[in-house]
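data-v2.cif (mmCIF, C-alpha atoms)
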```cif
data_start
loop_
_atom_site.label_atom_id
_atom_site.label_comp_id
_atom_site.auth_asym_id
_atom_site.auth_seq_id
_atom_site.Cartn_x
_atom_site.Cartn_y
_atom_site.Cartn_z
CA MET A 631 -26.04 -9.14 -18.51
CA GLN A 632 -25.88 -5.43 -17.66
CA THR A 633 -24.84 -6.23 -14.09
CA SER A 634 -22.11 -8.56 -15.38
CA ILE A 635 -20.73 -5.86 -17.69
CA SER A 636 -20.79 -3.30 -14.87
CA LYS A 637 -18.84 -5.67 -12.64
CA LYS A 638 -16.27 -6.36 -15.34
CA LEU A 639 -15.80 -2.63 -15.96
CA SER A 640 -15.49 -2.01 -12.22
CA LEU A 641 -12.91 -4.78 -11.88
CA PHE A 642 -10.97 -3.41 -14.85
CA TYR A 643 -10.94 0.12 -13.45
CA LEU A 644 -9.85 -0.94 -9.98
CA SER A 645 -7.13 -3.16 -11.45
CA LEU A 646 -5.83 -0.27 -13.54
CA VAL A 647 -5.47 2.34 -10.76
CA PRO A 648 -2.12 1.24 -9.20
CA LEU A 649 -0.45 0.92 -12.61
CA VAL A 650 -1.66 4.30 -13.88
CA THR A 651 -0.76 5.98 -10.58
CA ALA A 652 2.79 4.60 -10.71
CA ILE A 653 3.31 5.49 -14.38
CA LEU A 654 2.06 9.06 -13.98
CA GLY A 655 3.73 9.58 -10.61
CA PHE A 656 7.19 8.57 -11.80
CA GLY A 657 6.81 9.41 -15.50
CA VAL A 658 5.26 12.87 -15.30
CA GLY A 659 6.48 14.05 -11.91
CA HIS A 660 5.09 16.86 -9.80
CA ILE A 661 2.15 18.83 -11.20
CA SER A 662 0.00 21.63 -9.82
CA TYR A 663 -2.55 20.81 -7.13
CA THR A 664 -5.15 22.68 -9.20
CA ILE A 665 -4.89 19.78 -11.66
CA TYR A 666 -4.24 16.71 -9.51
CA LEU A 667 -6.70 17.50 -6.71
CA PRO A 668 -9.88 17.61 -8.87
CA VAL A 669 -8.72 14.55 -10.84
CA TRP A 670 -8.04 12.67 -7.59
CA ILE A 671 -11.48 13.54 -6.19
CA ILE A 672 -13.10 12.22 -9.36
CA ASN A 673 -10.98 9.06 -9.13
CA VAL A 674 -11.99 8.55 -5.47
CA CYS A 675 -15.66 8.72 -6.48
CA LEU A 676 -15.08 6.31 -9.36
CA MET A 677 -13.15 3.83 -7.20
CA ILE A 678 -15.82 3.84 -4.49
CA THR A 679 -18.53 3.40 -7.13
CA ALA A 680 -16.57 0.55 -8.74
CA ALA A 681 -16.09 -1.11 -5.35
CA TRP A 682 -19.82 -0.76 -4.65
CA VAL A 683 -20.77 -2.34 -7.97
CA LEU A 684 -18.19 -5.11 -7.60
CA GLY A 685 -19.42 -6.31 -4.23
CA LEU A 686 -19.48 -3.66 -1.53
CA ASN A 687 -23.23 -3.30 -2.07
CA VAL A 688 -23.78 -6.52 -0.10
CA VAL A 689 -23.40 -4.49 3.11
CA ARG A 690 -27.05 -3.45 2.63
CA ASN A 691 -28.81 -6.77 2.82
CA ALA A 692 -26.45 -9.77 2.86
CA ASP A 693 -25.79 -12.07 5.76
CA ALA A 694 -23.30 -10.98 8.40
CA GLU A 695 -20.41 -13.08 7.05
CA LYS A 696 -20.63 -11.65 3.53
CA ARG A 697 -21.15 -8.14 4.86
CA GLU A 698 -18.09 -8.28 7.10
CA LEU A 699 -15.95 -9.90 4.41
CA ALA A 700 -16.91 -7.13 1.98
CA LEU A 701 -15.99 -4.46 4.53
CA GLY A 702 -12.66 -6.15 5.28
CA ALA A 703 -11.93 -6.33 1.55
CA PHE A 704 -12.83 -2.66 1.12
CA PHE A 705 -10.46 -1.69 3.95
CA LEU A 706 -7.66 -3.30 1.91
CA ILE A 707 -8.68 -1.21 -1.11
CA VAL A 708 -8.88 2.12 0.76
CA PRO A 709 -5.06 2.60 0.90
CA TRP A 710 -4.86 2.86 -2.88
CA ILE A 711 -7.94 5.07 -3.00
CA LEU A 712 -5.90 7.45 -0.85
CA VAL A 713 -2.44 7.07 -2.40
CA SER A 714 -3.77 7.42 -5.94
CA ILE A 715 -3.28 11.16 -5.33
CA PHE A 716 0.46 10.53 -5.67
CA PHE A 717 0.10 10.59 -9.45
CA GLY A 718 0.30 14.38 -9.09
CA PHE A 719 2.90 14.52 -6.32
CA GLY A 720 5.62 12.78 -8.28
CA PRO A 721 8.54 11.06 -6.49
CA PRO A 722 9.97 12.65 -3.32
CA PRO A 723 12.36 15.54 -4.10
CA SER A 724 16.06 14.76 -4.19
CA THR A 725 17.38 18.04 -2.74
CA ALA A 726 16.70 20.05 0.42
CA THR A 727 15.61 23.08 -1.63
CA GLU A 728 13.08 21.11 -3.67
CA TRP A 729 11.80 19.33 -0.56
CA THR A 730 11.33 22.64 1.28
CA ALA A 731 9.48 24.13 -1.69
CA THR A 732 6.93 21.30 -1.47
CA ALA A 733 7.12 20.76 2.30
CA VAL A 734 3.35 20.71 2.84
CA GLU A 735 2.84 18.14 0.07
CA GLN A 736 5.58 15.93 1.52
CA GLN A 737 3.92 15.99 4.93
CA VAL A 738 0.58 15.22 3.30
CA ARG A 739 2.21 12.37 1.34
CA TYR A 740 3.55 10.60 4.42
CA SER A 741 0.44 11.35 6.49
CA ILE A 742 -1.64 9.65 3.79
CA LEU A 743 0.71 6.67 3.90
CA ILE A 744 0.26 6.40 7.67
CA VAL A 745 -3.53 6.34 7.27
CA ALA A 746 -3.16 3.81 4.45
CA GLY A 747 -1.09 1.54 6.68
CA ILE A 748 -3.71 1.72 9.42
CA PHE A 749 -6.43 0.69 6.96
CA ILE A 750 -4.29 -2.30 5.97
CA VAL A 751 -4.33 -3.39 9.62
CA PHE A 752 -8.13 -2.92 9.80
CA GLY A 753 -8.63 -4.97 6.65
CA VAL A 754 -6.28 -7.73 7.73
CA ALA A 755 -7.99 -7.94 11.15
CA VAL A 756 -11.43 -8.40 9.59
CA VAL A 757 -10.26 -10.90 6.96
CA ARG A 758 -8.35 -12.86 9.59
CA ASP A 759 -11.54 -13.16 11.66
CA LYS A 760 -13.39 -14.58 8.62
CA LEU A 761 -10.55 -17.03 7.98
CA LYS A 762 -10.61 -18.26 11.57
CA LYS A 763 -14.34 -18.89 11.31
CA ARG A 764 -13.62 -21.01 8.24
CA GLY A 765 -11.13 -23.08 10.23
CA GLU A 766 -7.83 -21.61 8.97
CA HIS A 767 -5.88 -20.50 12.04
CA PHE A 768 -2.15 -21.01 11.45
CA TYR A 769 -1.31 -18.90 8.37
CA SER A 770 -3.88 -16.21 9.15
CA GLN A 771 -2.34 -15.86 12.62
CA LEU A 772 1.20 -15.64 11.19
CA GLY A 773 0.11 -12.97 8.72
CA PHE A 774 -1.72 -10.99 11.39
CA VAL A 775 1.26 -11.04 13.78
CA ALA A 776 3.54 -9.86 10.95
CA ILE A 777 1.19 -6.94 10.26
CA LEU A 778 1.02 -6.04 13.97
CA ILE A 779 4.84 -5.81 14.03
CA PHE A 780 4.88 -3.95 10.72
CA ILE A 781 2.53 -1.08 11.56
CA PRO A 782 4.49 0.66 14.39
CA LEU A 783 7.71 0.42 12.36
CA PHE A 784 5.93 1.78 9.30
CA ILE A 785 4.41 4.72 11.19
CA ILE A 786 7.78 5.62 12.75
CA ASN A 787 9.44 5.43 9.31
CA MET A 788 6.78 7.64 7.69
CA ILE A 789 7.02 10.21 10.50
CA PHE A 790 10.79 10.32 9.95
CA TRP A 791 10.37 10.99 6.23
CA GLY A 792 7.42 13.34 6.45
CA TYR A 793 8.24 15.41 9.51
CA PHE A 794 11.80 14.94 10.74
CA LEU A 795 13.36 15.27 7.28
CA THR A 796 11.08 18.18 6.39
CA ALA A 797 12.24 20.08 9.47
CA ALA A 798 15.87 19.17 8.76
CA PHE A 799 15.61 20.29 5.14
CA ASN A 800 13.97 23.56 6.18
CA ILE A 801 16.98 24.27 8.41
CA LEU A 802 19.40 23.39 5.59
CA ALA A 803 17.54 25.54 3.07
CA ALA A 804 17.52 28.49 5.49
CA SER A 805 21.29 28.15 5.93
CA GLY A 806 21.83 28.07 2.17
CA SER A 807 23.46 24.63 2.31
CA GLU A 808 22.53 21.36 0.61
CA LYS A 809 24.97 19.20 2.58
CA MET A 810 23.50 17.12 5.37
CA PRO A 811 25.45 17.09 8.68
CA GLU A 812 27.52 14.06 9.65
CA TRP A 813 24.97 12.74 12.15
CA TYR A 814 22.47 12.28 9.31
CA LYS A 815 24.28 9.24 7.86
CA PRO A 816 23.85 6.90 10.86
CA VAL A 817 20.27 8.11 11.38
CA ARG A 818 19.49 7.48 7.71
CA GLY A 819 21.10 4.04 7.99
CA LEU A 820 18.92 3.25 11.00
CA PHE A 821 15.73 4.12 9.16
CA SER A 822 16.88 2.24 6.08
CA MET A 823 17.01 -0.92 8.19
CA ILE A 824 13.63 -0.13 9.74
CA SER A 825 12.28 0.15 6.20
CA VAL A 826 13.79 -3.22 5.26
CA VAL A 827 12.16 -4.92 8.25
CA GLU A 828 8.69 -3.41 7.82
CA VAL A 829 8.63 -3.98 4.06
CA ALA A 830 9.80 -7.59 4.45
CA LEU A 831 7.08 -8.18 7.06
CA THR A 832 4.43 -6.81 4.69
CA TYR A 833 5.41 -9.25 1.94
CA LEU A 834 5.57 -12.15 4.39
CA ALA A 835 2.12 -11.27 5.71
CA THR A 836 0.74 -11.12 2.16
CA ALA A 837 2.15 -14.56 1.36
CA ALA A 838 0.73 -16.01 4.60
CA PHE A 839 -2.73 -14.58 3.92
CA ALA A 840 -2.70 -15.85 0.34
CA ILE A 841 -2.04 -19.37 1.64
CA SER A 842 -4.70 -18.94 4.30
CA LEU A 843 -7.29 -17.70 1.79
CA ASN A 844 -6.64 -20.74 -0.38
CA ARG A 845 -6.95 -23.15 2.54
CA ALA A 846 -10.17 -21.48 3.62
CA GLY A 847 -11.66 -21.84 0.13
CA LEU A 848 -11.77 -18.12 -0.65
CA PHE A 849 -9.00 -18.21 -3.26
CA ASN A 850 -8.27 -20.80 -5.92
CA LYS A 851 -4.83 -22.40 -6.07
CA ILE A 852 -3.51 -20.51 -9.10
CA PRO A 853 -4.15 -16.92 -7.87
CA ALA A 854 -3.00 -17.90 -4.37
CA ARG A 855 0.27 -19.29 -5.77
CA ILE A 856 0.78 -16.12 -7.81
CA TYR A 857 0.36 -13.94 -4.72
CA VAL A 858 2.74 -16.17 -2.75
CA ALA A 859 5.35 -16.27 -5.53
CA VAL A 860 5.35 -12.48 -6.07
CA SER A 861 5.43 -11.78 -2.32
CA VAL A 862 8.28 -14.23 -1.65
CA LEU A 863 10.26 -12.87 -4.61
CA ALA A 864 9.83 -9.29 -3.34
CA PHE A 865 10.82 -10.43 0.17
CA VAL A 866 14.03 -12.02 -1.15
CA ILE A 867 14.85 -8.93 -3.24
CA VAL A 868 14.44 -6.67 -0.20
CA LEU A 869 16.84 -8.79 1.83
CA LEU A 870 19.39 -9.12 -1.00
CA SER A 871 19.37 -5.35 -1.55
CA THR A 872 20.97 -4.87 1.87
CA CYS A 873 24.09 -6.91 1.05
CA CYS A 874 24.33 -7.32 -2.73
CA PRO A 875 25.35 -4.89 -5.51
CA GLU A 876 23.26 -3.80 -8.47
CA PRO A 877 20.75 -4.67 -9.79
CA PHE A 878 19.53 -5.78 -6.35
CA VAL A 879 19.89 -2.31 -4.83
CA THR A 880 17.64 -0.72 -7.45
CA ALA A 881 15.20 -3.63 -7.39
CA GLY A 882 15.09 -3.46 -3.59
CA TYR A 883 14.36 0.25 -3.75
CA ALA A 884 11.56 -0.34 -6.26
CA VAL A 885 9.73 -2.95 -4.17
CA SER A 886 10.25 -0.92 -0.97
CA ILE A 887 8.64 2.33 -2.11
CA PRO A 888 6.09 2.81 0.71
CA ALA A 889 2.91 2.32 -1.34
CA ILE A 890 4.22 -0.57 -3.44
CA PRO A 891 3.91 -3.31 -0.77
CA PHE A 892 0.24 -2.31 -0.45
CA ILE A 893 -0.47 -3.38 -4.04
CA MET A 894 -0.75 -7.08 -3.22
CA PRO A 895 -3.17 -6.56 -0.28
CA TYR A 896 -5.09 -4.20 -2.58
CA PHE A 897 -5.62 -6.90 -5.19
CA ILE A 898 -6.50 -9.40 -2.47
CA GLY A 899 -9.16 -6.91 -1.39
CA VAL A 900 -10.44 -6.48 -4.95
CA ASN A 901 -10.75 -10.24 -5.42
CA LEU A 902 -12.44 -10.74 -2.05
CA LEU A 903 -14.87 -7.95 -2.88
CA ARG A 904 -15.70 -9.63 -6.17
CA ARG A 905 -16.29 -12.89 -4.34
CA SER A 906 -18.58 -11.15 -1.87
CA GLY A 907 -20.57 -9.67 -4.74
CA ASN A 908 -20.97 -13.07 -6.36
#
```
Rewrite the structure of this file - the entire thing - as structure tokens.
Amino acid sequence: MQTSISKKLSLFYLSLVPLVTAILGFGVGHISYTIYLPVWIINVCLMITAAWVLGLNVVRNADAEKRELALGAFFLIVPWILVSIFFGFGPPPSTATEWTATAVEQQVRYSILIVAGIFIVFGVAVVRDKLKKRGEHFYSQLGFVAILIFIPLFIINMIFWGYFLTAAFNILAASGSEKMPEWYKPVRGLFSMISVVEVALTYLATAAFAISLNRAGLFNKIPARIYVAVSVLAFVIVLLSTCCPEPFVTAGYAVSIPAIPFIMPYFIGVNLLRRSGN
């Protein structure tokens, strides 16, 4: 009974983290690192503990298949362990002066996102191997290929935001101007399209893996269909945002915020970890 309660509490806490992070990050905005850093460290410890209780503990003594599945699931959870620090960063600044004032934090933000994206690839690779051993090859392969195309585009996009723009804004702030030069518009347009492609690939990969997990017997039909429906809807919104007026532009922006596409793989990881623990 006590173990069951601990698992339910762990599941509840892990399920709550993305929502609370988003609400605080966009609702409260930037706060001092002397506040968010200690809170984030505590949250990291709590999330790792919750993951351990939920199912990660099987790495100690379970058979190889369960152990590897638990590790793959945990790799999908790690991105949100890292990006939960964004509750204190707030949204990216909207002016060159504000960006320059928090330049180090912006570089840390996008560096964290790069590491998070790499962990997504690690997790997907391990889960795909488990799916292949269970006889599901087609959808797991499609999802894995989509992720392999996604990751270099994602890293390039994050480097642009974290390092190229930071340097550009530092130059603007030093010159006392807030107006970006003319060459910025086509460059920004290029990276907007890169963002569309990599985000769309992430949602497609999530849908493919949800189908694969169901076919392999790791997910029931209802949760698998929910993952597929949400992922396909987000994919369509991303595409429509490139050619349709409001509200598609705002909706496309919302589902394309770098950490948001990682929410679905995160919950896949949480559910796989729970299955491993059971």
What do you get, as an mmCIF file with C-alpha atoms, in the coordinates of the input, if you spell out every residue that the PyMOL selection byres ((chain A and resi 826) around 9) selects here?
```
data_model
loop_
_atom_site.group_PDB
_atom_site.id
_atom_site.type_symbol
_atom_site.label_atom_id
_atom_site.label_comp_id
_atom_site.auth_asym_id
_atom_site.auth_seq_id
_atom_site.Cartn_x
_atom_site.Cartn_y
_atom_site.Cartn_z
ATOM 1 C CA PHE A 821 15.730 4.120 9.160
ATOM 2 C CA SER A 822 16.880 2.240 6.080
ATOM 3 C CA MET A 823 17.010 -0.920 8.190
ATOM 4 C CA ILE A 824 13.630 -0.130 9.740
ATOM 5 C CA SER A 825 12.280 0.150 6.200
ATOM 6 C CA VAL A 827 12.160 -4.920 8.250
ATOM 7 C CA GLU A 828 8.690 -3.410 7.820
ATOM 8 C CA VAL A 829 8.630 -3.980 4.060
ATOM 9 C CA ALA A 830 9.800 -7.590 4.450
ATOM 10 C CA LEU A 831 7.080 -8.180 7.060
ATOM 11 C CA VAL A 868 14.440 -6.670 -0.200
ATOM 12 C CA LEU A 869 16.840 -8.790 1.830
ATOM 13 C CA THR A 872 20.970 -4.870 1.870
ATOM 14 C CA GLY A 882 15.090 -3.460 -3.590
ATOM 15 C CA SER A 886 10.250 -0.920 -0.970
#
```
Enter the distance from CA of Gly718 (chain A) to CA of Pro888 (chain A), in Å, rounded to one decimal. 16.2 Å
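If you measure from each of A:Phe865, A:Tyr740, A:Arg758, A:Ala680 to Ala884 (chain A) using only C-alpha atoms, the closest one turns out to be A:Phe865.
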Please compute the CA of Ala694 (chain A)-CA of Val756 (chain A) distance, one decimal, in Å.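 So the answer is 12.2 Å.
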Go through the shown structure with the PyMOL selection byres ((chain A and resi 846) around 12) and write out the matching residues as a PDB file with C-alpha atoms, in the frame of the given file.
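Writing the result to selection31.pdb gives the following:
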```
ATOM      1  CA  VAL A 757     -10.260 -10.900   6.960  1.00  0.00           C
ATOM      2  CA  ARG A 758      -8.350 -12.860   9.590  1.00  0.00           C
ATOM      3  CA  ASP A 759     -11.540 -13.160  11.660  1.00  0.00           C
ATOM      4  CA  LYS A 760     -13.390 -14.580   8.620  1.00  0.00           C
ATOM      5  CA  LEU A 761     -10.550 -17.030   7.980  1.00  0.00           C
ATOM      6  CA  LYS A 762     -10.610 -18.260  11.570  1.00  0.00           C
ATOM      7  CA  LYS A 763     -14.340 -18.890  11.310  1.00  0.00           C
ATOM      8  CA  ARG A 764     -13.620 -21.010   8.240  1.00  0.00           C
ATOM      9  CA  GLY A 765     -11.130 -23.080  10.230  1.00  0.00           C
ATOM     10  CA  GLU A 766      -7.830 -21.610   8.970  1.00  0.00           C
ATOM     11  CA  HIS A 767      -5.880 -20.500  12.040  1.00  0.00           C
ATOM     12  CA  PHE A 768      -2.150 -21.010  11.450  1.00  0.00           C
ATOM     13  CA  TYR A 769      -1.310 -18.900   8.370  1.00  0.00           C
ATOM     14  CA  SER A 770      -3.880 -16.210   9.150  1.00  0.00           C
ATOM     15  CA  PHE A 839      -2.730 -14.580   3.920  1.00  0.00           C
ATOM     16  CA  ALA A 840      -2.700 -15.850   0.340  1.00  0.00           C
ATOM     17  CA  ILE A 841      -2.040 -19.370   1.640  1.00  0.00           C
ATOM     18  CA  SER A 842      -4.700 -18.940   4.300  1.00  0.00           C
ATOM     19  CA  LEU A 843      -7.290 -17.700   1.790  1.00  0.00           C
ATOM     20  CA  ASN A 844      -6.640 -20.740  -0.380  1.00  0.00           C
ATOM     21  CA  ARG A 845      -6.950 -23.150   2.540  1.00  0.00           C
ATOM     22  CA  GLY A 847     -11.660 -21.840   0.130  1.00  0.00           C
ATOM     23  CA  LEU A 848     -11.770 -18.120  -0.650  1.00  0.00           C
ATOM     24  CA  PHE A 849      -9.000 -18.210  -3.260  1.00  0.00           C
ATOM     25  CA  ASN A 850      -8.270 -20.800  -5.920  1.00  0.00           C
ATOM     26  CA  LYS A 851      -4.830 -22.400  -6.070  1.00  0.00           C
ATOM     27  CA  ALA A 854      -3.000 -17.900  -4.370  1.00  0.00           C
TER      28      ALA A 854
END
```
Just so the selection is clear, what residues does the PyMOL selection byres ((chain A and resi 791) around 12) cover here, as a count of residues only? 33
Around (-6.2, 3.2, -5.2) in the file's frame, which residues reach within 9 Å when counting only C-alpha atoms? Return as an NGL selection string? :A and (644-645 or 647-648 or 651 or 673-674 or 677 or 707-715 or 893 or 896)
Val683 (chain A) surroundings by only C-alpha atoms, 7 Å radius, close-in-sequence under 6 positions cut, as a VMD selection string: chain A and resid 636 to 637 640
To one decimal place, how far is CA of Leu654 (chain A) from CA of Leu667 (chain A) in Å? 14.2 Å
Of the candidates A:Leu802, A:Ile672, A:Leu649, A:Leu772, which shows the shortest atom-to-atom distance to Thr725 (chain A), using only C-alpha atoms?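 Checking each of A:Leu802, A:Ile672, A:Leu649, A:Leu772 against Thr725 (chain A), counting only C-alpha atoms, the winner is A:Leu802.
Restricting the calculation to all atoms listed in the file, the smallest distance between Tyr857 (chain A) and any of A:Asn901, A:Ser906, A:Ser662, A:Thr836 is found for A:Thr836.
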Point out the residue among A:Trp670, A:Phe719, A:Phe704, A:Phe774 with the least atom-to-atom distance to Trp682 (chain A), counting only C-alpha atoms. A:Phe704
Of the residues A:Leu903, A:Ala838, A:Ile661, A:Ala889, which is the one nearest to Phe717 (chain A), using only C-alpha atoms? A:Ile661
Compute the distance from (-8.6, -6.2, 5.0) to each atom, counting all atoms listed in the file, keep the residues with any atom at most 6 Å away, and return them as a VMD selection string; use the coordinates of the file. chain A and resid 702 to 703 705 to 706 750 752 to 754 756 to 757
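Using only C-alpha atoms, the residues found no farther than 10 Å from Asn687 (chain A), other than those of its own chain fewer than 2 positions away, are Thr679, Ala681, Trp682, Val683, Leu684, Gly685, Val689, Arg690, Asn691, Ala692, Arg697, Ala700, Leu701, Leu903, Ser906 and Gly907 of chain A.
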Nearest to Gly747 (chain A): which of A:Ile890, A:Ala837, A:Ala881, A:Val900 is it, counting all atoms listed in the file? A:Ile890
With all atoms of region 833-851 of chain A from the file as input, state the centre and edge lengths in Å to one decimal of the axis-aligned box that has 4 Å extra on each side, as lines of an AutoDock Vina configuration file.
```
center_x = -3.1
center_y = -16.2
center_z = -0.2
size_x = 25.3
size_y = 21.9
size_z = 19.8
```
File output for region 846-863 of chain A (C-alpha atoms) as a compact mmCIF listing (two decimals), in the first residue's frame:
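The result, stored in out.txt:
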```
# COMPACT_ATOMS: atom_id res chain seq x y z
CA ALA A 846 4.16 -3.54 -29.39
CA GLY A 847 1.82 -3.86 -26.41
CA LEU A 848 3.49 -1.19 -24.28
CA PHE A 849 0.64 1.32 -24.56
CA ASN A 850 -3.10 0.75 -24.49
CA LYS A 851 -5.23 2.03 -27.37
CA ILE A 852 -6.76 5.02 -25.58
CA PRO A 853 -3.52 6.72 -24.40
CA ALA A 854 -1.86 5.90 -27.73
CA ARG A 855 -4.73 7.55 -29.63
CA ILE A 856 -4.52 10.61 -27.38
CA TYR A 857 -0.80 10.99 -28.09
CA VAL A 858 -1.41 10.56 -31.82
CA ALA A 859 -4.34 13.00 -31.88
CA VAL A 860 -2.48 15.74 -29.96
CA SER A 861 0.68 15.28 -32.02
CA VAL A 862 -1.16 15.36 -35.36
CA LEU A 863 -3.15 18.42 -34.28
```
